[in-house]
file my_file34.cif (mmCIF, C-alpha atoms)
data_query
loop_
_atom_site.label_atom_id
_atom_site.label_comp_id
_atom_site.auth_asym_id
_atom_site.auth_seq_id
_atom_site.Cartn_x
_atom_site.Cartn_y
_atom_site.Cartn_z
CA MET A 11 -3.45 -5.62 -9.51
CA ASN A 12 0.01 -4.52 -8.36
CA GLY A 13 1.60 -7.26 -10.47
CA PHE A 14 -0.35 -6.09 -13.54
CA LYS A 15 0.71 -2.49 -12.91
CA THR A 16 4.34 -3.55 -12.61
CA VAL A 17 4.22 -5.46 -15.91
CA MET A 18 2.64 -2.48 -17.66
CA LEU A 19 5.21 -0.05 -16.24
CA LEU A 20 8.10 -2.35 -17.18
CA SER A 21 6.67 -2.57 -20.69
CA ALA A 22 6.48 1.23 -20.84
CA LEU A 23 10.10 1.50 -19.71
CA THR A 24 11.22 -1.00 -22.33
CA ALA A 25 9.26 0.79 -25.06
CA LEU A 26 10.78 4.10 -24.01
CA PHE A 27 14.24 2.60 -24.14
CA MET A 28 13.72 1.14 -27.62
CA GLY A 29 12.15 4.38 -28.84
CA LEU A 30 15.16 6.40 -27.74
CA GLY A 31 17.49 3.95 -29.45
CA PHE A 32 15.47 4.27 -32.67
CA MET A 33 15.46 8.07 -32.41
CA ILE A 34 19.23 8.16 -32.08
CA GLY A 35 20.22 5.57 -34.66
CA GLY A 36 17.20 4.14 -36.43
CA SER A 37 16.54 0.41 -36.31
CA GLY A 38 20.27 -0.27 -35.95
CA GLY A 39 20.45 2.02 -32.95
CA ALA A 40 17.46 0.33 -31.39
CA MET A 41 19.09 -3.08 -31.81
CA ILE A 42 22.40 -1.87 -30.33
CA ALA A 43 20.52 -0.34 -27.41
CA LEU A 44 18.67 -3.59 -26.81
CA LEU A 45 21.90 -5.60 -26.81
CA VAL A 46 23.55 -3.17 -24.39
CA ALA A 47 20.56 -3.31 -22.05
CA ALA A 48 20.53 -7.11 -22.17
CA ALA A 49 24.22 -7.23 -21.24
CA MET A 50 23.69 -4.74 -18.41
CA ASN A 51 20.74 -6.68 -17.04
CA LEU A 52 22.64 -9.97 -17.20
CA PHE A 53 25.51 -8.41 -15.25
CA ALA A 54 23.09 -6.85 -12.74
CA PHE A 55 21.25 -10.17 -12.31
CA TRP A 56 24.39 -11.89 -11.05
CA ASN A 57 26.17 -9.00 -9.31
CA ALA A 58 23.67 -6.37 -8.15
CA ASP A 59 23.57 -7.64 -4.54
CA LYS A 60 27.36 -7.52 -4.23
CA ILE A 61 27.47 -4.02 -5.71
CA VAL A 62 24.75 -2.71 -3.38
CA LEU A 63 26.31 -4.20 -0.26
CA ARG A 64 29.80 -2.98 -1.17
CA MET A 65 28.38 0.47 -1.91
CA HIS A 66 27.10 0.65 1.67
CA GLY A 67 30.17 -0.87 3.30
CA ALA A 68 27.85 -3.48 4.79
CA ARG A 69 29.28 -6.16 7.06
CA GLU A 70 27.74 -9.60 7.33
CA VAL A 71 26.65 -10.67 10.80
CA ASP A 72 25.54 -13.97 12.31
CA GLU A 73 23.99 -15.36 15.48
CA TYR A 74 27.23 -14.74 17.36
CA SER A 75 28.13 -11.22 16.22
CA ALA A 76 24.58 -9.78 16.29
CA ARG A 77 22.52 -12.31 18.23
CA GLU A 78 19.25 -10.42 18.75
CA PHE A 79 19.05 -8.85 15.31
CA TYR A 80 19.95 -12.10 13.57
CA SER A 81 17.39 -14.07 15.60
CA VAL A 82 14.62 -11.66 14.63
CA VAL A 83 15.40 -12.11 10.92
CA ARG A 84 15.70 -15.88 11.31
CA ASP A 85 12.32 -16.21 13.01
CA LEU A 86 10.66 -13.96 10.44
CA ALA A 87 12.14 -15.98 7.56
CA VAL A 88 10.64 -19.14 9.06
CA ARG A 89 7.24 -17.47 9.36
CA ALA A 90 7.48 -16.22 5.77
CA GLY A 91 8.46 -19.65 4.45
CA LEU A 92 11.69 -18.27 3.02
CA PRO A 93 15.28 -19.54 3.05
CA MET A 94 17.40 -17.74 5.64
CA PRO A 95 18.83 -14.65 3.93
CA LYS A 96 22.26 -13.26 4.64
CA VAL A 97 22.06 -10.54 7.26
CA TYR A 98 24.08 -7.33 7.15
CA LEU A 99 24.64 -4.25 9.26
CA VAL A 100 25.60 -0.85 7.86
CA ASP A 101 27.52 1.38 10.24
CA SER A 102 25.63 4.63 9.62
CA PRO A 103 23.56 7.00 11.77
CA HIS A 104 21.06 7.28 8.91
CA PRO A 105 18.10 5.09 9.97
CA ASN A 106 17.01 2.83 7.11
CA ALA A 107 16.92 -0.73 5.79
CA PHE A 108 16.92 -2.54 2.45
CA ALA A 109 16.87 -5.94 0.78
CA THR A 110 18.77 -7.17 -2.25
CA GLY A 111 19.43 -10.38 -4.19
CA ARG A 112 18.17 -11.94 -7.40
CA ASP A 113 15.83 -14.47 -5.74
CA PRO A 114 14.86 -15.77 -2.27
CA ALA A 115 17.68 -18.32 -2.33
CA HIS A 116 20.26 -15.56 -2.84
CA ALA A 117 18.74 -12.77 -0.76
CA ALA A 118 20.30 -10.41 1.75
CA VAL A 119 18.70 -7.96 4.16
CA ALA A 120 20.44 -5.06 5.83
CA ALA A 121 19.73 -2.42 8.42
CA THR A 122 21.75 0.55 9.59
CA THR A 123 22.98 0.96 13.13
CA GLY A 124 20.98 4.19 13.18
CA LEU A 125 17.79 2.17 12.66
CA LEU A 126 18.60 -0.28 15.45
CA ALA A 127 19.28 2.61 17.80
CA ILE A 128 15.82 4.20 17.57
CA LEU A 129 13.36 1.31 17.09
CA THR A 130 11.91 -1.17 19.53
CA ARG A 131 12.26 -4.90 18.97
CA ASP A 132 8.71 -5.17 17.60
CA GLU A 133 9.31 -2.25 15.24
CA ILE A 134 12.55 -3.78 13.99
CA ALA A 135 10.67 -7.03 13.39
CA GLY A 136 8.09 -5.08 11.34
CA VAL A 137 10.80 -3.43 9.25
CA MET A 138 12.66 -6.65 8.54
CA ALA A 139 9.37 -8.39 7.74
CA HIS A 140 8.79 -5.61 5.17
CA GLU A 141 12.20 -6.35 3.63
CA LEU A 142 11.44 -10.07 3.57
CA GLY A 143 8.17 -9.14 1.87
CA HIS A 144 10.24 -7.60 -0.91
CA VAL A 145 12.22 -10.84 -1.12
CA ARG A 146 9.09 -13.01 -1.19
CA ASN A 147 7.49 -10.81 -3.86
CA ARG A 148 10.76 -10.86 -5.87
CA ASP A 149 10.80 -7.08 -5.87
CA THR A 150 14.57 -7.02 -5.53
CA LEU A 151 14.95 -8.47 -9.03
CA ILE A 152 12.24 -6.21 -10.48
CA MET A 153 13.84 -3.08 -9.06
CA THR A 154 17.27 -4.19 -10.28
CA VAL A 155 15.93 -4.59 -13.83
CA THR A 156 14.13 -1.23 -13.78
CA ALA A 157 17.16 0.57 -12.37
CA THR A 158 19.38 -1.01 -15.02
CA VAL A 159 17.09 -0.10 -17.94
CA ALA A 160 16.61 3.42 -16.56
CA GLY A 161 20.38 3.72 -16.30
CA ALA A 162 20.75 2.53 -19.90
CA ILE A 163 18.27 5.20 -21.03
CA ALA A 164 20.23 7.89 -19.23
CA MET A 165 23.45 6.60 -20.79
CA LEU A 166 21.99 6.67 -24.29
CA ALA A 167 20.66 10.16 -23.72
CA ASN A 168 24.02 11.44 -22.48
CA PHE A 169 25.89 10.03 -25.46
CA GLY A 170 23.15 10.48 -28.05
CA PHE A 171 25.05 12.84 -30.30
CA LEU A 172 27.96 10.40 -30.46
CA PHE A 173 25.67 8.01 -32.39
CA ALA A 174 25.33 10.59 -35.18
CA GLY A 175 21.54 10.52 -34.97
CA ARG A 176 20.93 9.11 -38.43
CA SER A 177 17.81 7.39 -39.73
CA ASP A 178 17.74 4.12 -41.64
CA ASP A 179 17.97 5.87 -45.03
CA GLY A 180 21.14 7.73 -44.02
CA ARG A 181 19.58 11.12 -43.41
CA SER A 182 20.41 13.02 -40.26
CA ALA A 183 17.75 12.97 -37.60
CA ASN A 184 15.91 16.15 -36.69
CA PRO A 185 18.26 17.80 -34.16
CA LEU A 186 15.40 19.39 -32.25
CA ALA A 187 13.64 16.03 -31.97
CA LEU A 188 16.89 14.41 -30.87
CA ILE A 189 17.50 17.04 -28.19
CA GLY A 190 13.91 16.67 -27.01
CA ALA A 191 14.26 12.91 -26.80
CA MET A 192 17.49 13.16 -24.81
CA ILE A 193 15.83 15.50 -22.31
CA ILE A 194 12.43 13.84 -22.05
CA ALA A 195 13.44 10.16 -22.11
CA PRO A 196 15.52 10.11 -18.88
CA PHE A 197 12.83 12.13 -17.11
CA ALA A 198 10.12 9.75 -18.27
CA ALA A 199 12.26 6.75 -17.28
CA MET A 200 12.69 8.24 -13.82
CA LEU A 201 8.92 8.63 -13.46
CA VAL A 202 8.30 5.03 -14.54
CA GLN A 203 10.99 3.76 -12.19
CA MET A 204 9.46 5.69 -9.29
CA ALA A 205 5.99 4.41 -10.14
CA ILE A 206 7.21 0.80 -10.00
CA SER A 207 8.99 1.45 -6.71
CA ARG A 208 5.87 3.01 -5.16
CA THR A 209 3.73 0.07 -6.30
CA ARG A 210 6.08 -2.43 -4.73
CA GLU A 211 6.32 -0.56 -1.40
CA TYR A 212 2.60 -0.97 -0.69
CA GLY A 213 2.89 -4.68 -1.46
CA ALA A 214 5.89 -5.07 0.84
CA ASP A 215 4.08 -3.20 3.64
CA ARG A 216 1.17 -5.62 3.39
CA ALA A 217 3.49 -8.64 3.27
CA GLY A 218 5.51 -7.31 6.20
CA ALA A 219 2.38 -6.83 8.28
CA GLU A 220 1.25 -10.37 7.51
CA ILE A 221 4.66 -11.91 8.23
CA SER A 222 5.19 -10.07 11.52
CA GLY A 223 1.52 -10.21 12.53
CA ASN A 224 1.81 -6.65 13.84
CA PRO A 225 0.82 -3.89 11.37
CA ARG A 226 0.87 -1.24 14.11
CA ALA A 227 4.54 -1.90 14.87
CA LEU A 228 5.47 -1.46 11.21
CA ALA A 229 3.39 1.73 11.04
CA SER A 230 5.15 3.08 14.13
CA ALA A 231 8.54 2.19 12.65
CA LEU A 232 7.73 3.99 9.39
CA ALA A 233 6.86 7.17 11.29
CA LYS A 234 10.13 7.10 13.25
CA LEU A 235 12.26 6.21 10.23
CA ALA A 236 10.72 8.84 7.96
CA ASN A 237 11.44 11.51 10.55
CA GLY A 238 15.00 10.30 11.12
CA ALA A 239 15.82 9.79 7.43
CA ALA A 240 14.66 13.34 6.65
CA ARG A 241 17.06 14.80 9.22
CA VAL A 242 20.14 12.58 8.87
CA PRO A 243 21.95 12.67 5.49
CA ASN A 244 22.66 9.45 3.63
CA PRO A 245 26.11 9.64 1.97
CA VAL A 246 25.37 6.66 -0.29
CA VAL A 247 22.40 8.44 -1.88
CA GLN A 248 24.33 11.71 -2.08
CA ASN A 249 26.84 9.93 -4.34
CA ASN A 250 24.39 7.54 -6.04
CA PRO A 251 20.85 8.99 -6.26
CA ALA A 252 19.57 5.78 -7.91
CA ALA A 253 20.08 4.01 -4.58
CA ALA A 254 17.16 5.97 -3.06
CA GLN A 255 14.68 3.35 -4.27
CA LEU A 256 16.33 0.64 -2.16
CA TYR A 257 15.20 1.82 1.24
CA ILE A 258 12.06 1.30 3.30
CA VAL A 259 11.55 5.07 3.64
CA PRO A 260 12.60 7.89 1.29
CA THR A 261 15.87 9.68 1.87
CA ARG A 262 16.79 13.23 0.98
CA ILE A 263 19.08 13.96 -1.96
CA GLY A 264 21.54 16.83 -2.17
CA GLY A 265 20.72 18.16 1.28
CA MET A 266 17.02 18.63 0.54
CA ASP A 267 13.91 16.53 0.21
CA ASN A 268 13.67 14.74 -3.11
CA LEU A 269 11.09 16.54 -5.26
CA PHE A 270 10.16 13.31 -7.02
CA SER A 271 10.03 10.72 -4.26
CA THR A 272 10.67 7.07 -5.02
CA HIS A 273 8.21 6.10 -2.27
CA PRO A 274 4.52 6.58 -1.56
CA ASP A 275 3.59 9.18 1.03
CA THR A 276 4.51 7.77 4.44
CA GLY A 277 1.25 9.01 5.93
CA ASN A 278 -0.72 7.03 3.34
CA ARG A 279 1.32 3.91 4.07
CA ILE A 280 0.72 4.29 7.81
CA ALA A 281 -3.02 4.76 7.20
CA ALA A 282 -3.11 1.56 5.11
CA LEU A 283 -1.33 -0.35 7.87
CA GLU A 284 -3.72 1.01 10.49
CA ALA A 285 -6.62 -0.21 8.35
CA MET A 286 -4.93 -3.62 8.12
CA SER A 287 -4.54 -3.66 11.88
CA ALA A 288 -8.27 -3.16 12.28
CA SER A 289 -9.00 -5.94 9.79
CA PHE A 290 -6.62 -8.22 11.71
CA GLY A 291 -8.76 -7.68 14.80
CA ASP A 292 -5.68 -6.11 16.41
CA SER A 293 -5.57 -6.15 20.20
CA PRO A 294 -2.83 -6.50 22.84
CA ALA A 295 -3.83 -10.11 23.44
CA ARG A 296 -3.81 -10.95 19.73
CA ARG A 297 -0.48 -9.21 19.19
CA SER A 298 0.99 -11.21 22.07
CA ALA A 299 -0.26 -14.46 20.52
CA LEU A 300 1.08 -13.55 17.10
CA ASP A 301 4.38 -12.02 18.20
CA PRO A 302 7.18 -14.60 18.33
CA PHE A 303 9.69 -12.03 19.60
CA GLY A 304 8.38 -11.29 23.08
CA ALA A 305 6.78 -8.16 24.48
CA THR A 306 9.99 -6.26 25.11
CA SER A 307 10.15 -2.66 23.96
CA LYS A 308 13.91 -2.52 24.11
CA THR A 309 15.59 -0.11 21.72
CA GLY A 310 19.19 -0.30 20.49
CA PRO A 311 22.09 -0.48 20.47
CA TRP A 312 21.71 -4.16 19.68
CA SER A 313 24.36 -6.83 19.85
#

call {"tool": "encode", "arguments": {"input": "my_file34.cif", "output": "structure tokens"}}
result
Amino acid sequence: MNGFKTVMLLSALTALFMGLGFMIGGSGGAMIALLVAAAMNLFAFWNADKIVLRMHGAREVDEYSAREFYSVVRDLAVRAGLPMPKVYLVDSPHPNAFATGRDPAHAAVAATTGLLAILTRDEIAGVMAHELGHVRNRDTLIMTVTATVAGAIAMLANFGFLFAGRSDDGRSANPLALIGAMIIAPFAAMLVQMAISRTREYGADRAGAEISGNPRALASALAKLANGAARVPNPVVQNNPAAAQLYIVPTRIGGMDNLFSTHPDTGNRIAALEAMSASFGDSPARRSALDPFGATSKTGPWS
């Protein structure tokens, strides 16, 4: 069902994009818009991971520079049946994590030092399993495409008047309709983008719980991260609001909570994970059998 919803929302975003191009420049404008979007998506397909990691100042780590963190990701990747992703740390007190990459063979996962400082080992395993869930579900590519098309819509709207707004027969377009399209289209694109992001977060939560075998640990991590992310500013999102969709929990924008969140309500996500825990027959003995990371409750800093 989530896959069907994503296809429908992507179709709506594409239709919105083409409609704006037609409104601005008729069929010629729609074709130009389509070509621009195709070029942007091709560039994003090959370079989005590098851009995202550079944006965060992320540094790659390995089994020698971050032994415990790297080993958690490695063991989870084995359990998920995925190639070992590149592992990054972001030196930031803002507690969060994200995944990027065009496919599982070119994936990267990252966590902030702020996240490692406040979570237990089991909770960190739950978070990174969530990020590997995004990789396994190929959400990183989907979100890259939606962000790119949404960005193209915003670009067209901002420069709409530069395209002269003429119809196919040479007549000027209705200026009121053009203004309305330039205001409504980016807003609608934002809503579609957020809807796709919310759909994928539930799927990644479920995948993360299955990969880690410990839904309660992921639920506990979400509660801690949501509280921390609401209090500690994220400079990357302050400068690039579109980056908000990357993270496991929502982050505030402009010094206040984002009115239109890119994520489902954290309480609802925790409730879904608690229900999963019950369906797993969750118990201390079962968690011990499932947990490949040991029973330690150690929190950061990690090495």

call {"tool": "atom_distance", "arguments": {"input": "my_file34.cif", "atom1": "CA of Ala115 (chain A)", "atom2": "CA of Ala54 (chain A)"}}
result
16.4 Å

call {"tool": "closest_residue", "arguments": {"input": "my_file34.cif", "among": "A:Ala239, A:Val247, A:Ala227, A:Val259", "to": "Tyr212 (chain A)", "atoms": "only C-alpha atoms"}}
result
A:Val259

call {"tool": "atom_distance", "arguments": {"input": "my_file34.cif", "atom1": "CA of Thr154 (chain A)", "atom2": "CA of Arg112 (chain A)"}}
result
8.3 Å

call {"tool": "residues_around", "arguments": {"input": "my_file34.cif", "residues": "region 61-77 of chain A", "least_positions_apart": "4", "cutoff": "7 Å", "atoms": "all atoms listed in the file", "output": "PDB file with C-alpha atoms, in the coordinates of the input"}}
result
ATOM      1  CA  ASN A  57      26.170  -9.000  -9.310  1.00  0.00           C
ATOM      2  CA  SER A  81      17.390 -14.070  15.600  1.00  0.00           C
ATOM      3  CA  VAL A  97      22.060 -10.540   7.260  1.00  0.00           C
ATOM      4  CA  TYR A  98      24.080  -7.330   7.150  1.00  0.00           C
ATOM      5  CA  LEU A  99      24.640  -4.250   9.260  1.00  0.00           C
ATOM      6  CA  VAL A 100      25.600  -0.850   7.860  1.00  0.00           C
ATOM      7  CA  VAL A 246      25.370   6.660  -0.290  1.00  0.00           C
ATOM      8  CA  SER A 313      24.360  -6.830  19.850  1.00  0.00           C
TER       9      SER A 313
END

call {"tool": "resolve_selection", "arguments": {"input": "my_file34.cif", "expression": "the PyMOL selection byres ((chain A and resi 275) around 12)", "output": "PyMOL selection string"}}
result
chain A and resi 208-209+211-212+232-233+236+258-260+270-274+276-282

call {"tool": "atom_distance", "arguments": {"input": "my_file34.cif", "atom1": "CA of Gly136 (chain A)", "atom2": "CA of Leu256 (chain A)"}}
result
16.8 Å

call {"tool": "closest_residue", "arguments": {"input": "my_file34.cif", "among": "A:Met28, A:Ile152, A:Asp59, A:Asn147", "to": "Ala47 (chain A)", "atoms": "all atoms listed in the file"}}
result
A:Met28

call {"tool": "residues_around", "arguments": {"input": "my_file34.cif", "residues": "Ala90 (chain A)", "least_positions_apart": "2", "cutoff": "9 Å", "atoms": "all atoms listed in the file", "output": "list in words"}}
result
Asp85, Leu86, Ala87, Val88, Leu92, Pro93, Ala139, Leu142, Gly143, Arg146, Ala217, Glu220, Ile221 and Ser222 of chain A

call {"tool": "build_atoms", "arguments": {"input": "my_file34.cif", "residues": "region 101-126 of chain A", "atoms": "N, CA and C atoms", "output": "compact mmCIF listing (two decimals), in the frame of the given file"}}
result
# COMPACT_ATOMS: atom_id res chain seq x y z
N ASP A 101 27.14 0.44 9.19
CA ASP A 101 27.52 1.38 10.24
C ASP A 101 27.24 2.81 9.76
N SER A 102 26.05 3.29 10.05
CA SER A 102 25.63 4.63 9.62
C SER A 102 24.56 5.14 10.56
N PRO A 103 24.62 6.43 10.92
CA PRO A 103 23.56 7.00 11.77
C PRO A 103 22.25 7.20 11.03
N HIS A 104 22.28 7.13 9.70
CA HIS A 104 21.06 7.28 8.91
C HIS A 104 20.17 6.06 9.15
N PRO A 105 18.95 6.23 9.64
CA PRO A 105 18.10 5.09 9.97
C PRO A 105 17.32 4.57 8.75
N ASN A 106 17.68 3.40 8.27
CA ASN A 106 17.01 2.83 7.11
C ASN A 106 17.34 1.35 6.99
N ALA A 107 16.69 0.69 6.03
CA ALA A 107 16.92 -0.73 5.79
C ALA A 107 16.63 -1.03 4.33
N PHE A 108 17.18 -2.14 3.82
CA PHE A 108 16.92 -2.54 2.45
C PHE A 108 17.14 -4.03 2.28
N ALA A 109 16.65 -4.55 1.15
CA ALA A 109 16.87 -5.94 0.78
C ALA A 109 17.46 -5.97 -0.62
N THR A 110 18.20 -7.02 -0.92
CA THR A 110 18.77 -7.17 -2.25
C THR A 110 18.93 -8.66 -2.54
N GLY A 111 19.29 -8.98 -3.79
CA GLY A 111 19.43 -10.38 -4.19
C GLY A 111 18.50 -10.73 -5.33
N ARG A 112 18.93 -11.64 -6.20
CA ARG A 112 18.17 -11.94 -7.40
C ARG A 112 16.97 -12.85 -7.16
N ASP A 113 16.96 -13.60 -6.05
CA ASP A 113 15.83 -14.47 -5.74
C ASP A 113 15.90 -14.82 -4.26
N PRO A 114 14.85 -15.45 -3.70
CA PRO A 114 14.86 -15.77 -2.27
C PRO A 114 16.04 -16.62 -1.82
N ALA A 115 16.56 -17.46 -2.71
CA ALA A 115 17.68 -18.32 -2.33
C ALA A 115 19.00 -17.56 -2.27
N HIS A 116 19.03 -16.35 -2.83
CA HIS A 116 20.26 -15.56 -2.84
C HIS A 116 20.00 -14.15 -2.29
N ALA A 117 19.16 -14.07 -1.28
CA ALA A 117 18.74 -12.77 -0.76
C ALA A 117 19.62 -12.32 0.40
N ALA A 118 19.62 -11.01 0.60
CA ALA A 118 20.30 -10.41 1.75
C ALA A 118 19.44 -9.26 2.26
N VAL A 119 19.40 -9.09 3.56
CA VAL A 119 18.70 -7.96 4.16
C VAL A 119 19.69 -7.21 5.02
N ALA A 120 19.49 -5.90 5.09
CA ALA A 120 20.44 -5.06 5.83
C ALA A 120 19.70 -3.95 6.55
N ALA A 121 20.24 -3.56 7.68
CA ALA A 121 19.73 -2.42 8.42
C ALA A 121 20.91 -1.59 8.90
N THR A 122 20.69 -0.31 9.08
CA THR A 122 21.75 0.55 9.59
C THR A 122 21.75 0.53 11.11
N THR A 123 22.90 0.86 11.67
CA THR A 123 22.98 0.96 13.13
C THR A 123 22.09 2.09 13.63
N GLY A 124 21.89 3.11 12.80
CA GLY A 124 20.98 4.19 13.18
C GLY A 124 19.56 3.70 13.36
N LEU A 125 19.12 2.75 12.52
CA LEU A 125 17.79 2.17 12.66
C LEU A 125 17.67 1.38 13.96
N LEU A 126 18.66 0.54 14.25
CA LEU A 126 18.60 -0.28 15.45
C LEU A 126 18.60 0.57 16.71
